[in-house]
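Source file target-v2.csv; content: CSV, C-alpha atoms.
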chain,number,residue,atom,x,y,z
W,25,MET,CA,-27.3,18.7,3.2
W,26,SER,CA,-23.7,17.7,3.8
W,27,VAL,CA,-22.5,15.4,6.5
W,28,ASP,CA,-21.2,16.6,9.9
W,29,LEU,CA,-17.4,16.5,9.8
W,30,SER,CA,-16.9,17.5,13.4
W,31,PRO,CA,-14.5,15.8,15.9
W,32,GLY,CA,-16.1,12.7,17.3
W,33,ARG,CA,-18.3,12.1,14.2
W,34,PRO,CA,-17.6,9.2,11.8
W,35,PHE,CA,-16.0,10.3,8.5
W,36,PRO,CA,-17.9,8.8,5.5
W,37,ASP,CA,-16.3,5.7,4.1
W,38,ILE,CA,-15.9,7.2,0.6
W,39,GLU,CA,-14.8,5.1,-2.3
W,40,LEU,CA,-12.7,6.8,-5.1
W,41,ALA,CA,-10.1,5.7,-7.6
W,42,ASP,CA,-6.5,5.9,-6.5
W,43,HIS,CA,-3.6,7.3,-8.5
W,44,ALA,CA,-3.5,4.0,-10.4
W,45,SER,CA,-7.2,4.1,-11.1
W,46,SER,CA,-8.0,1.2,-8.8
W,47,PRO,CA,-11.2,1.7,-6.7
W,48,ARG,CA,-10.3,2.2,-3.0
W,49,ARG,CA,-12.4,2.6,0.1
W,50,LEU,CA,-11.1,4.8,2.9
W,51,SER,CA,-11.6,2.1,5.4
W,52,GLU,CA,-9.4,-0.2,3.3
W,53,LEU,CA,-6.6,2.3,3.2
W,54,THR,CA,-6.6,2.9,7.0
W,55,ALA,CA,-5.5,-0.7,7.6
W,56,GLY,CA,-6.0,-0.4,11.3
W,57,ASP,CA,-3.8,2.7,11.7
W,58,PRO,CA,-4.3,6.4,12.5
W,59,VAL,CA,-4.8,8.5,9.4
W,60,VAL,CA,-4.0,12.0,8.2
W,61,LEU,CA,-6.7,12.6,5.6
W,62,GLN,CA,-5.9,15.6,3.4
W,63,PHE,CA,-8.2,17.3,0.9
W,64,PHE,CA,-6.3,19.7,-1.5
W,65,ARG,CA,-7.2,22.0,-4.3
W,66,GLY,CA,-4.8,20.7,-7.0
W,67,TRP,CA,-1.2,20.5,-8.1
W,68,TRP,CA,-1.4,24.1,-9.3
W,69,CYS,CA,-2.0,25.8,-5.9
W,70,PRO,CA,1.2,27.2,-4.3
W,71,LYS,CA,-0.3,26.8,-0.9
W,72,GLU,CA,-0.9,23.1,-1.5
W,73,GLN,CA,2.7,22.8,-2.8
W,74,ALA,CA,3.9,24.3,0.5
W,75,PHE,CA,1.7,22.1,2.6
W,76,PHE,CA,2.8,19.0,0.7
W,77,ARG,CA,6.4,19.8,1.5
W,78,ARG,CA,5.3,19.6,5.2
W,79,LEU,CA,3.7,16.2,4.7
W,80,ILE,CA,6.7,14.9,2.9
W,81,THR,CA,8.8,15.8,6.0
W,82,LEU,CA,6.4,13.6,8.0
W,83,GLN,CA,6.5,10.7,5.5
W,84,ASP,CA,9.6,9.1,6.9
W,85,GLU,CA,8.1,9.1,10.4
W,86,ALA,CA,4.7,7.8,9.3
W,87,GLU,CA,6.6,5.0,7.4
W,88,VAL,CA,7.8,3.5,10.7
W,89,ALA,CA,5.0,4.7,13.0
W,90,TYR,CA,2.1,2.7,11.7
W,91,SER,CA,0.3,5.7,10.5
W,92,ARG,CA,-1.3,6.5,7.2
W,93,ILE,CA,-1.6,9.5,4.9
W,94,VAL,CA,-4.3,9.8,2.2
W,95,SER,CA,-4.6,12.8,-0.1
W,96,VAL,CA,-7.8,13.6,-2.1
W,97,SER,CA,-8.4,16.0,-5.0
W,98,VAL,CA,-10.5,16.5,-8.0
W,99,ASP,CA,-7.5,15.8,-10.3
W,100,PRO,CA,-7.9,12.7,-12.4
W,101,PRO,CA,-5.7,9.7,-11.6
W,102,ALA,CA,-3.1,10.4,-14.2
W,103,VAL,CA,-2.6,13.9,-12.9
W,104,SER,CA,-2.5,12.7,-9.3
W,105,ALA,CA,0.0,10.0,-10.2
W,106,ALA,CA,2.3,12.6,-11.9
W,107,PHE,CA,2.0,15.0,-9.0
W,108,ARG,CA,2.6,12.2,-6.4
W,109,ALA,CA,5.7,11.1,-8.3
W,110,GLY,CA,7.1,14.6,-8.5
W,111,LEU,CA,6.6,15.1,-4.8
W,112,GLY,CA,8.2,11.8,-4.0
W,113,ALA,CA,5.1,10.8,-2.0
W,114,ARG,CA,4.7,7.2,-1.1
W,115,TRP,CA,1.1,7.3,0.1
W,116,THR,CA,-2.2,6.9,-1.7
W,117,PHE,CA,-3.7,9.7,-3.7
W,118,LEU,CA,-7.5,9.5,-4.4
W,119,SER,CA,-9.2,11.1,-7.3
W,120,ASP,CA,-12.6,12.6,-7.5
W,121,PRO,CA,-12.9,14.2,-10.9
W,122,ASP,CA,-16.7,13.9,-11.1
W,123,ARG,CA,-16.9,15.5,-7.6
W,124,SER,CA,-19.2,12.8,-6.2
W,125,ALA,CA,-17.5,12.5,-2.8
W,126,GLN,CA,-17.0,16.3,-2.8
W,127,ALA,CA,-20.7,16.8,-3.0
W,128,GLU,CA,-21.4,14.2,-0.3
W,129,LEU,CA,-18.9,15.8,2.0
W,130,GLY,CA,-19.8,19.4,1.3
W,131,LEU,CA,-16.2,20.3,0.6
W,132,ARG,CA,-16.4,22.2,-2.6
W,133,GLU,CA,-14.6,25.5,-2.5
W,134,THR,CA,-17.3,27.9,-3.6
W,135,THR,CA,-15.0,30.8,-4.3
W,136,ASP,CA,-13.2,29.0,-7.1
W,137,THR,CA,-15.7,28.5,-9.9
W,138,LEU,CA,-13.0,27.8,-12.4
W,139,ASN,CA,-11.6,24.6,-10.9
W,140,ASP,CA,-14.4,23.7,-8.5
W,141,PRO,CA,-11.7,22.2,-6.2
W,142,TYR,CA,-11.9,20.7,-2.8
W,143,VAL,CA,-11.6,23.3,-0.1
W,144,PRO,CA,-8.3,22.6,1.7
W,145,ALA,CA,-9.1,20.5,4.8
W,146,VAL,CA,-7.2,18.1,6.9
W,147,PHE,CA,-8.7,15.5,9.3
W,148,SER,CA,-6.9,13.2,11.7
W,149,LEU,CA,-8.9,10.0,11.9
W,150,LEU,CA,-9.0,6.9,14.1
W,151,PRO,CA,-8.8,3.6,12.2
W,152,ASP,CA,-12.5,3.3,12.4
W,153,LEU,CA,-12.8,6.7,10.6
W,154,THR,CA,-13.9,8.6,13.7
W,155,ILE,CA,-12.7,12.2,13.3
W,156,HIS,CA,-10.2,13.1,16.0
W,157,ARG,CA,-9.5,16.7,14.8
W,158,ALA,CA,-10.5,18.7,11.8
W,159,TYR,CA,-8.5,21.6,10.3
W,160,ASP,CA,-9.9,24.2,7.9
W,161,GLY,CA,-7.1,25.1,5.6
W,162,TYR,CA,-8.8,27.8,3.5
W,163,TRP,CA,-6.4,30.2,5.1
W,164,PHE,CA,-3.0,28.7,5.2
W,165,TRP,CA,-2.5,29.2,8.9
W,166,GLY,CA,-5.6,27.1,9.5
W,167,ARG,CA,-3.7,24.0,8.4
W,168,PRO,CA,-2.1,21.7,10.9
W,169,THR,CA,1.6,22.1,11.6
W,170,ALA,CA,3.8,19.0,11.5
W,171,GLU,CA,3.8,19.1,15.3
W,172,GLU,CA,0.0,19.2,15.5
W,173,LEU,CA,-0.1,16.2,13.2
W,174,ARG,CA,2.5,14.4,15.4
W,175,ARG,CA,0.4,15.2,18.4
W,176,ASP,CA,-2.8,13.8,16.8
W,177,MET,CA,-1.1,10.6,15.7
W,178,ARG,CA,0.3,10.2,19.2
W,179,GLU,CA,-3.0,10.8,20.9
W,180,ILE,CA,-4.8,8.3,18.5
W,181,SER,CA,-2.1,5.7,18.8
W,182,ALA,CA,-2.2,5.9,22.6
W,183,ALA,CA,-5.9,5.4,22.5
W,184,ILE,CA,-6.0,2.5,20.2
W,185,ARG,CA,-2.8,0.5,20.8
W,186,ALA,CA,-3.4,-1.9,23.7
W,187,ASP,CA,0.4,-2.1,24.1
W,188,TRP,CA,1.1,1.6,24.1
W,189,ALA,CA,2.8,1.1,27.4
W,190,ALA,CA,5.8,-0.9,26.4
W,191,PRO,CA,5.6,-4.5,27.5
W,192,ALA,CA,8.8,-4.6,29.6
W,193,ALA,CA,10.1,-6.6,32.5
K,22,MET,CA,-4.4,-19.8,10.9
K,23,THR,CA,-4.2,-20.5,7.1
K,24,ARG,CA,-1.1,-19.4,5.3
K,25,CYS,CA,-0.3,-19.1,1.7
K,26,TRP,CA,2.9,-20.6,0.3
K,27,LEU,CA,4.6,-20.3,-3.1
K,28,ALA,CA,7.3,-22.3,-4.8
K,29,LEU,CA,8.9,-22.7,-8.2
K,30,VAL,CA,9.1,-26.5,-8.7
K,31,ALA,CA,10.4,-28.7,-11.4
K,32,GLU,CA,7.3,-30.7,-12.0
K,33,GLN,CA,3.6,-30.4,-11.3
K,34,ALA,CA,3.1,-30.3,-7.5
K,35,ALA,CA,0.7,-32.7,-5.9
K,36,GLY,CA,-1.8,-31.0,-3.6
K,37,ALA,CA,-1.2,-27.5,-4.8
K,38,THR,CA,-4.1,-25.1,-4.5
K,39,VAL,CA,-3.2,-23.5,-7.9
K,40,GLN,CA,-0.3,-24.0,-10.3
K,41,ALA,CA,0.7,-23.2,-13.8
K,42,GLU,CA,3.6,-23.9,-16.1
K,43,VAL,CA,6.4,-21.4,-16.3
K,44,ARG,CA,8.6,-20.4,-19.2
K,45,ASN,CA,11.6,-18.2,-19.4
K,46,ALA,CA,11.9,-15.2,-21.7
K,47,ASP,CA,13.1,-17.4,-24.5
K,48,GLY,CA,10.0,-19.6,-24.2
K,49,GLU,CA,11.8,-22.5,-22.7
K,50,PRO,CA,10.1,-24.5,-19.9
K,51,ALA,CA,11.2,-23.3,-16.5
K,52,GLY,CA,9.1,-25.5,-14.2
K,53,TRP,CA,5.8,-24.9,-12.4
K,54,LEU,CA,4.7,-22.1,-10.1
K,55,ALA,CA,2.6,-23.5,-7.4
K,56,ALA,CA,0.7,-22.1,-4.4
K,57,TRP,CA,-0.8,-23.7,-1.4
K,58,ARG,CA,-3.3,-22.3,1.1
K,59,GLN,CA,-2.5,-24.3,4.2
K,60,ARG,CA,-0.7,-23.9,7.5
K,61,ALA,CA,2.1,-26.3,7.0
K,62,LYS,CA,5.0,-25.7,4.6
K,63,PRO,CA,4.2,-27.9,1.6
K,64,VAL,CA,7.6,-28.4,0.0
K,65,ARG,CA,11.2,-27.7,1.2
K,66,ASP,CA,11.7,-24.5,-0.8
K,67,ALA,CA,8.3,-22.9,-0.4
K,68,ARG,CA,8.0,-19.4,0.9
K,69,ARG,CA,5.1,-17.5,2.4
K,70,ILE,CA,3.4,-15.0,0.1
K,71,ASP,CA,0.7,-12.4,0.5
K,72,GLU,CA,-2.3,-14.6,-0.3
K,73,ARG,CA,-4.2,-11.8,-2.0
K,74,ILE,CA,-2.2,-12.1,-5.1
K,75,ILE,CA,-3.1,-15.8,-5.6
K,76,ASP,CA,-6.1,-16.0,-7.9
K,77,PRO,CA,-7.4,-19.1,-9.7
K,78,ALA,CA,-9.0,-16.8,-12.3
K,79,GLY,CA,-5.9,-14.9,-12.9
K,80,THR,CA,-4.8,-14.4,-16.5
K,81,PRO,CA,-1.3,-15.3,-17.8
K,82,ALA,CA,1.4,-12.9,-16.5
K,83,TRP,CA,5.0,-12.0,-16.6
K,84,ILE,CA,6.8,-12.1,-13.2
K,85,SER,CA,10.0,-10.9,-11.7
K,86,LEU,CA,10.9,-13.7,-9.3
K,87,VAL,CA,13.6,-12.9,-6.8
K,88,LEU,CA,14.6,-16.1,-5.1
K,89,PRO,CA,17.9,-16.1,-3.2
K,90,ALA,CA,19.8,-19.4,-2.9
K,91,SER,CA,18.7,-21.5,0.0
K,92,GLY,CA,20.3,-20.1,3.2
K,93,ALA,CA,20.7,-16.6,1.8
K,94,LEU,CA,18.4,-14.2,3.6
K,95,LEU,CA,18.3,-10.7,4.9
K,96,ALA,CA,16.6,-9.1,7.8
K,97,PHE,CA,13.4,-7.2,6.8
K,98,ASP,CA,15.0,-4.3,8.7
K,99,ASP,CA,18.0,-4.3,6.4
K,100,LEU,CA,18.3,-1.0,4.7
K,101,ALA,CA,18.3,-2.6,1.3
K,102,VAL,CA,15.0,-4.3,2.0
K,103,GLN,CA,13.5,-1.1,3.4
K,104,HIS,CA,14.6,0.9,0.5
K,105,ALA,CA,13.3,-1.6,-2.1
K,106,ARG,CA,9.8,-1.3,-0.4
K,107,ARG,CA,10.0,2.5,-0.6
K,108,ARG,CA,10.8,2.3,-4.3
K,109,VAL,CA,7.8,-0.1,-4.8
K,110,LEU,CA,5.5,2.4,-3.1
K,111,ALA,CA,6.9,5.4,-5.0
K,112,GLU,CA,6.9,3.9,-8.5
K,113,PRO,CA,3.9,3.2,-10.7
K,114,PRO,CA,2.2,0.1,-9.3
K,115,GLN,CA,2.4,-3.3,-11.0
K,116,ASP,CA,-0.5,-5.8,-11.0
K,117,ALA,CA,0.7,-7.3,-7.8
K,118,VAL,CA,3.7,-7.6,-5.5
K,119,SER,CA,4.6,-9.7,-2.5
K,120,THR,CA,7.7,-10.3,-0.5
K,121,LEU,CA,8.5,-14.0,0.3
K,122,MET,CA,9.5,-15.3,3.7
K,123,ARG,CA,9.7,-18.4,5.8
K,124,ASP,CA,10.3,-17.1,9.3
K,125,ALA,CA,9.0,-14.0,11.0
K,126,SER,CA,11.8,-11.6,10.3
K,127,HIS,CA,13.8,-12.4,7.2
K,128,PHE,CA,13.3,-11.3,3.6
K,129,GLU,CA,13.8,-14.4,1.4
K,130,GLY,CA,12.7,-13.1,-2.0
K,131,ALA,CA,9.9,-11.3,-3.8
K,132,ILE,CA,7.5,-11.7,-6.7
K,133,THR,CA,6.2,-8.9,-8.9
K,134,VAL,CA,3.4,-9.5,-11.3
K,135,ALA,CA,3.0,-7.5,-14.5
K,136,ARG,CA,0.8,-7.4,-17.5
K,137,GLY,CA,0.7,-5.1,-20.5
K,138,ALA,CA,2.6,-1.8,-20.1
K,139,GLY,CA,4.1,-2.9,-16.8
K,140,VAL,CA,6.0,-5.8,-18.3
K,141,PRO,CA,9.1,-3.8,-19.5
K,142,ARG,CA,9.4,-2.3,-16.0
K,143,LEU,CA,10.0,-5.7,-14.5
K,144,ALA,CA,13.6,-5.3,-15.6
K,145,ASP,CA,13.9,-2.6,-13.0
K,146,ASP,CA,12.4,-4.5,-10.1
K,147,PRO,CA,13.6,-2.8,-6.9
K,148,PHE,CA,13.9,-6.2,-5.2
K,149,ALA,CA,16.3,-7.4,-7.9
K,150,ARG,CA,18.9,-5.0,-6.4
K,151,ILE,CA,18.9,-7.3,-3.3
K,152,PHE,CA,19.1,-10.7,-4.8
K,153,PRO,CA,19.1,-11.9,-8.5
K,154,ALA,CA,15.8,-12.0,-10.3
K,155,ARG,CA,14.4,-14.1,-13.1
K,156,ILE,CA,11.9,-12.8,-15.6
K,157,LEU,CA,9.4,-15.6,-16.3
K,158,ARG,CA,6.1,-16.1,-18.0
K,159,VAL,CA,3.4,-17.8,-15.9
K,160,GLY,CA,0.3,-19.5,-17.3
K,161,ALA,CA,-3.3,-18.7,-16.3
K,162,GLY,CA,-4.9,-19.6,-13.0
K,163,VAL,CA,-2.3,-18.6,-10.4
K,164,LEU,CA,-1.7,-14.8,-10.1
K,165,GLY,CA,-4.3,-12.0,-9.9
K,166,ALA,CA,-4.1,-8.3,-9.7
K,167,VAL,CA,-4.2,-6.4,-6.4
K,168,ALA,CA,-4.6,-2.7,-5.7
K,169,ALA,CA,-1.3,-0.9,-5.0
K,170,PRO,CA,0.0,-1.1,-1.4
K,171,ALA,CA,-1.1,1.8,0.7
K,172,GLY,CA,1.9,3.7,2.0
K,173,PRO,CA,3.9,5.2,3.5
K,174,THR,CA,4.1,2.5,6.1
K,175,ILE,CA,6.5,-0.2,5.5
K,176,GLU,CA,7.1,-1.5,9.0
K,177,ARG,CA,5.4,-4.5,10.6
K,178,TYR,CA,4.5,-6.5,7.5
K,179,GLY,CA,7.6,-8.4,7.3
K,180,SER,CA,7.2,-9.6,10.8
K,181,ALA,CA,3.9,-11.2,10.9
K,182,ASN,CA,2.9,-11.4,7.3
K,183,PRO,CA,4.6,-11.0,3.9
K,184,TRP,CA,4.6,-7.3,2.9
K,185,PRO,CA,2.5,-5.6,1.6
K,186,TRP,CA,-0.2,-7.4,3.6
K,187,ASP,CA,-1.1,-4.5,5.9
K,188,ARG,CA,-3.0,-5.8,8.9
K,189,PHE,CA,-1.9,-6.9,12.3
K,190,GLU,CA,-3.1,-10.5,12.7
K,191,ARG,CA,-4.7,-9.4,16.0
K,192,LEU,CA,-6.1,-6.2,14.6
K,193,GLU,CA,-9.5,-6.8,16.2
K,194,HIS,CA,-7.8,-6.6,19.6
K,195,ARG,CA,-6.2,-3.3,18.9
K,196,THR,CA,-9.0,-1.1,17.6

Translate this structure into structure tokens?
Amino acid sequence: MSVDLSPGRPFPDIELADHASSPRRLSELTAGDPVVLQFFRGWWCPKEQAFFRRLITLQDEAEVAYSRIVSVSVDPPAVSAAFRAGLGARWTFLSDPDRSAQAELGLRETTDTLNDPYVPAVFSLLPDLTIHRAYDGYWFWGRPTAEELRRDMREISAAIRADWAAPAA
Amino acid sequence: MTRCWLALVAEQAAGATVQAEVRNADGEPAGWLAAWRQRAKPVRDARRIDERIIDPAGTPAWISLVLPASGALLAFDDLAVQHARRRVLAEPPQDAVSTLMRDASHFEGAITVARGAGVPRLADDPFARIFPARILRVGAGVLGAVAAPAGPTIERYGSANPWPWDRFERLEHRT
């Protein structure tokens, strides 16, 4: 039975190899910041390519807003590294080629028996991995817009930053 | 709070936590690379470093050491420093990287550690576009390997800790 990935529930602290083949824990990558956690089918999917263009537009904001992005697929590290470089992404890509985390999470796309990819899904997470919102991206319009991700990052930041109200005198 | 300091010194340093002899690309002696885990600055030219890259069990490594002349520094917010960090995040990771600093807001150098296939890429060190770099060979017992920095965030880490250290010092009070 897969885990409950509903808002308010803890997201499992999965450990996978990053695009450089180093083992990484999700809790390590959050570094105390809000996170956009994205599961994607693979480099070959045109819907993923379109969605990545959306994330790339957010990258420059996340860079200065103390927020993280993590992308996960079944592609091996070398493929993830090449895709990441082609996109110009500067965040961490995790690889699950043996589909261990995919099984734990219950996120295998059952309609694609050729690639057995992750079903497209996006989660906004608090730094302690509590799920803030979950998006089912099987249909493209189910995916979060850039504005929805900005809203999520704002809501989480407001909740966790003790100095969200500017210290001014 | 314990800090970690790094310096390239002419002779073996008394009291260093770890140190190893350094040679240049021609194999000629180039001093000693020493690190100290302590709060106080150990020697005049020491700079703070992300302590995760210091490893007494580390194997010999090549480094690109960017060390501006004393008094030459740039704000971490300078566009050149920002863009160098973006390039580090975007390019294939090396064994370890750390910026170097003495105060809370200025970039005063960087060290990039490479072994194996990463060594030729040291010649294209993004930080070497800010200040001159030296390619050096460091003996065993000083530098380890650390997982790649997690992007895309580049802010903050030059203010409290040398980038890419990625935690607020008071993180426990924020979450």

| task | One decimal, Å: what's the distance from atom CA of W:Ala190 over to atom CA of K:Asp98, could you say? | result | 20.2 Å

K:Lys62 environment, 9 Å, only C-alpha atoms, sequence neighbours closer than 4 positions dropped, as a PDB file with C-alpha atoms, keeping the file's coordinate frame:
ATOM      1  CA  ARG K  24      -1.100 -19.400   5.300  1.00  0.00           C
ATOM      2  CA  CYS K  25      -0.300 -19.100   1.700  1.00  0.00           C
ATOM      3  CA  TRP K  26       2.900 -20.600   0.300  1.00  0.00           C
ATOM      4  CA  TRP K  57      -0.800 -23.700  -1.400  1.00  0.00           C
ATOM      5  CA  ASP K  66      11.700 -24.500  -0.800  1.00  0.00           C
ATOM      6  CA  ALA K  67       8.300 -22.900  -0.400  1.00  0.00           C
ATOM      7  CA  ARG K  68       8.000 -19.400   0.900  1.00  0.00           C
ATOM      8  CA  ARG K  69       5.100 -17.500   2.400  1.00  0.00           C
ATOM      9  CA  ARG K 123       9.700 -18.400   5.800  1.00  0.00           C
TER      10      ARG K 123
END

| field | Distance filter 9 Å, only C-alpha atoms, chain W against chain K, as an MDAnalysis selection string | value | chainID W and resid 42:44 46:48 52:57 83:94 105 108:109 112:116 150:152 183:187

| task | Could you please determine the separation between atom CA of W:Asp122 and atom CA of W:Arg77 in Å, to one decimal place? | result | 27.0 Å

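From atom CA of W:Pro34 back to atom CA of K:Pro185, the distance works out to 27.0 Å.
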
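Residues lying within 9 Å of (-3.8, -23.2, -1.0). Counted over only C-alpha atoms, they are Thr23, Arg24, Cys25, Trp26, Gly36, Ala37, Thr38, Val39, Ala56, Trp57, Arg58, Gln59, Glu72 and Ile75 of chain K.
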
| Residues near W:Glu172, cut-off 12 Å, only C-alpha atoms, skip fewer than 3 positions along chain, as a PyMOL selection string | chain W and resi 60+78-79+82+146-148+156-159+166-169+175-179

May I have the selected residues written with C-alpha atoms, as a compact mmCIF listing (two decimals), in the frame of the given file?
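Okay, result-v4.txt is ready:
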# COMPACT_ATOMS: atom_id res chain seq x y z
CA VAL W 60 -4.00 12.00 8.20
CA ARG W 78 5.30 19.60 5.20
CA LEU W 79 3.70 16.20 4.70
CA LEU W 82 6.40 13.60 8.00
CA VAL W 146 -7.20 18.10 6.90
CA PHE W 147 -8.70 15.50 9.30
CA SER W 148 -6.90 13.20 11.70
CA HIS W 156 -10.20 13.10 16.00
CA ARG W 157 -9.50 16.70 14.80
CA ALA W 158 -10.50 18.70 11.80
CA TYR W 159 -8.50 21.60 10.30
CA GLY W 166 -5.60 27.10 9.50
CA ARG W 167 -3.70 24.00 8.40
CA PRO W 168 -2.10 21.70 10.90
CA THR W 169 1.60 22.10 11.60
CA ARG W 175 0.40 15.20 18.40
CA ASP W 176 -2.80 13.80 16.80
CA MET W 177 -1.10 10.60 15.70
CA ARG W 178 0.30 10.20 19.20
CA GLU W 179 -3.00 10.80 20.90

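When the distance limit is 10 Å and all atoms listed in the file are what count, the residues near W:Arg132, minus those fewer than 6 positions from it on the same chain, are W:Arg65, W:Val98, W:Arg123, W:Ala125, W:Gln126, W:Asn139, W:Asp140, W:Pro141, W:Tyr142, W:Val143, W:Pro144.
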
| query | Which residues come within 6 Å of K:Gly160, counting all atoms listed in the file, excluding same-chain residues fewer than 6 positions away, as number ranges by chain? | reply | K: 41-42, 81

Selected residues, C-alpha atoms, written as a compact mmCIF listing (two decimals), in the coordinates of the input, please.
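What follows is the written file selection03.txt:
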# COMPACT_ATOMS: atom_id res chain seq x y z
CA ALA K 41 0.70 -23.20 -13.80
CA GLU K 42 3.60 -23.90 -16.10
CA PRO K 81 -1.30 -15.30 -17.80

| request: Mind checking which residues fall within 9 Å of stretch 116-122 of chain K, counting all atoms listed in the file, ignoring those fewer than 4 positions away in the same chain, and posting them as a PyMOL selection string? | output: chain K and resi 26-27+67-74+87-88+94+109+126-136+139+148+164-170+179+182-186

| remark: In terms of only C-alpha atoms, the residue from W:Ser30, W:Ala106, W:Gly130, W:Pro58 at minimal distance from W:Ala182 is W:Pro58
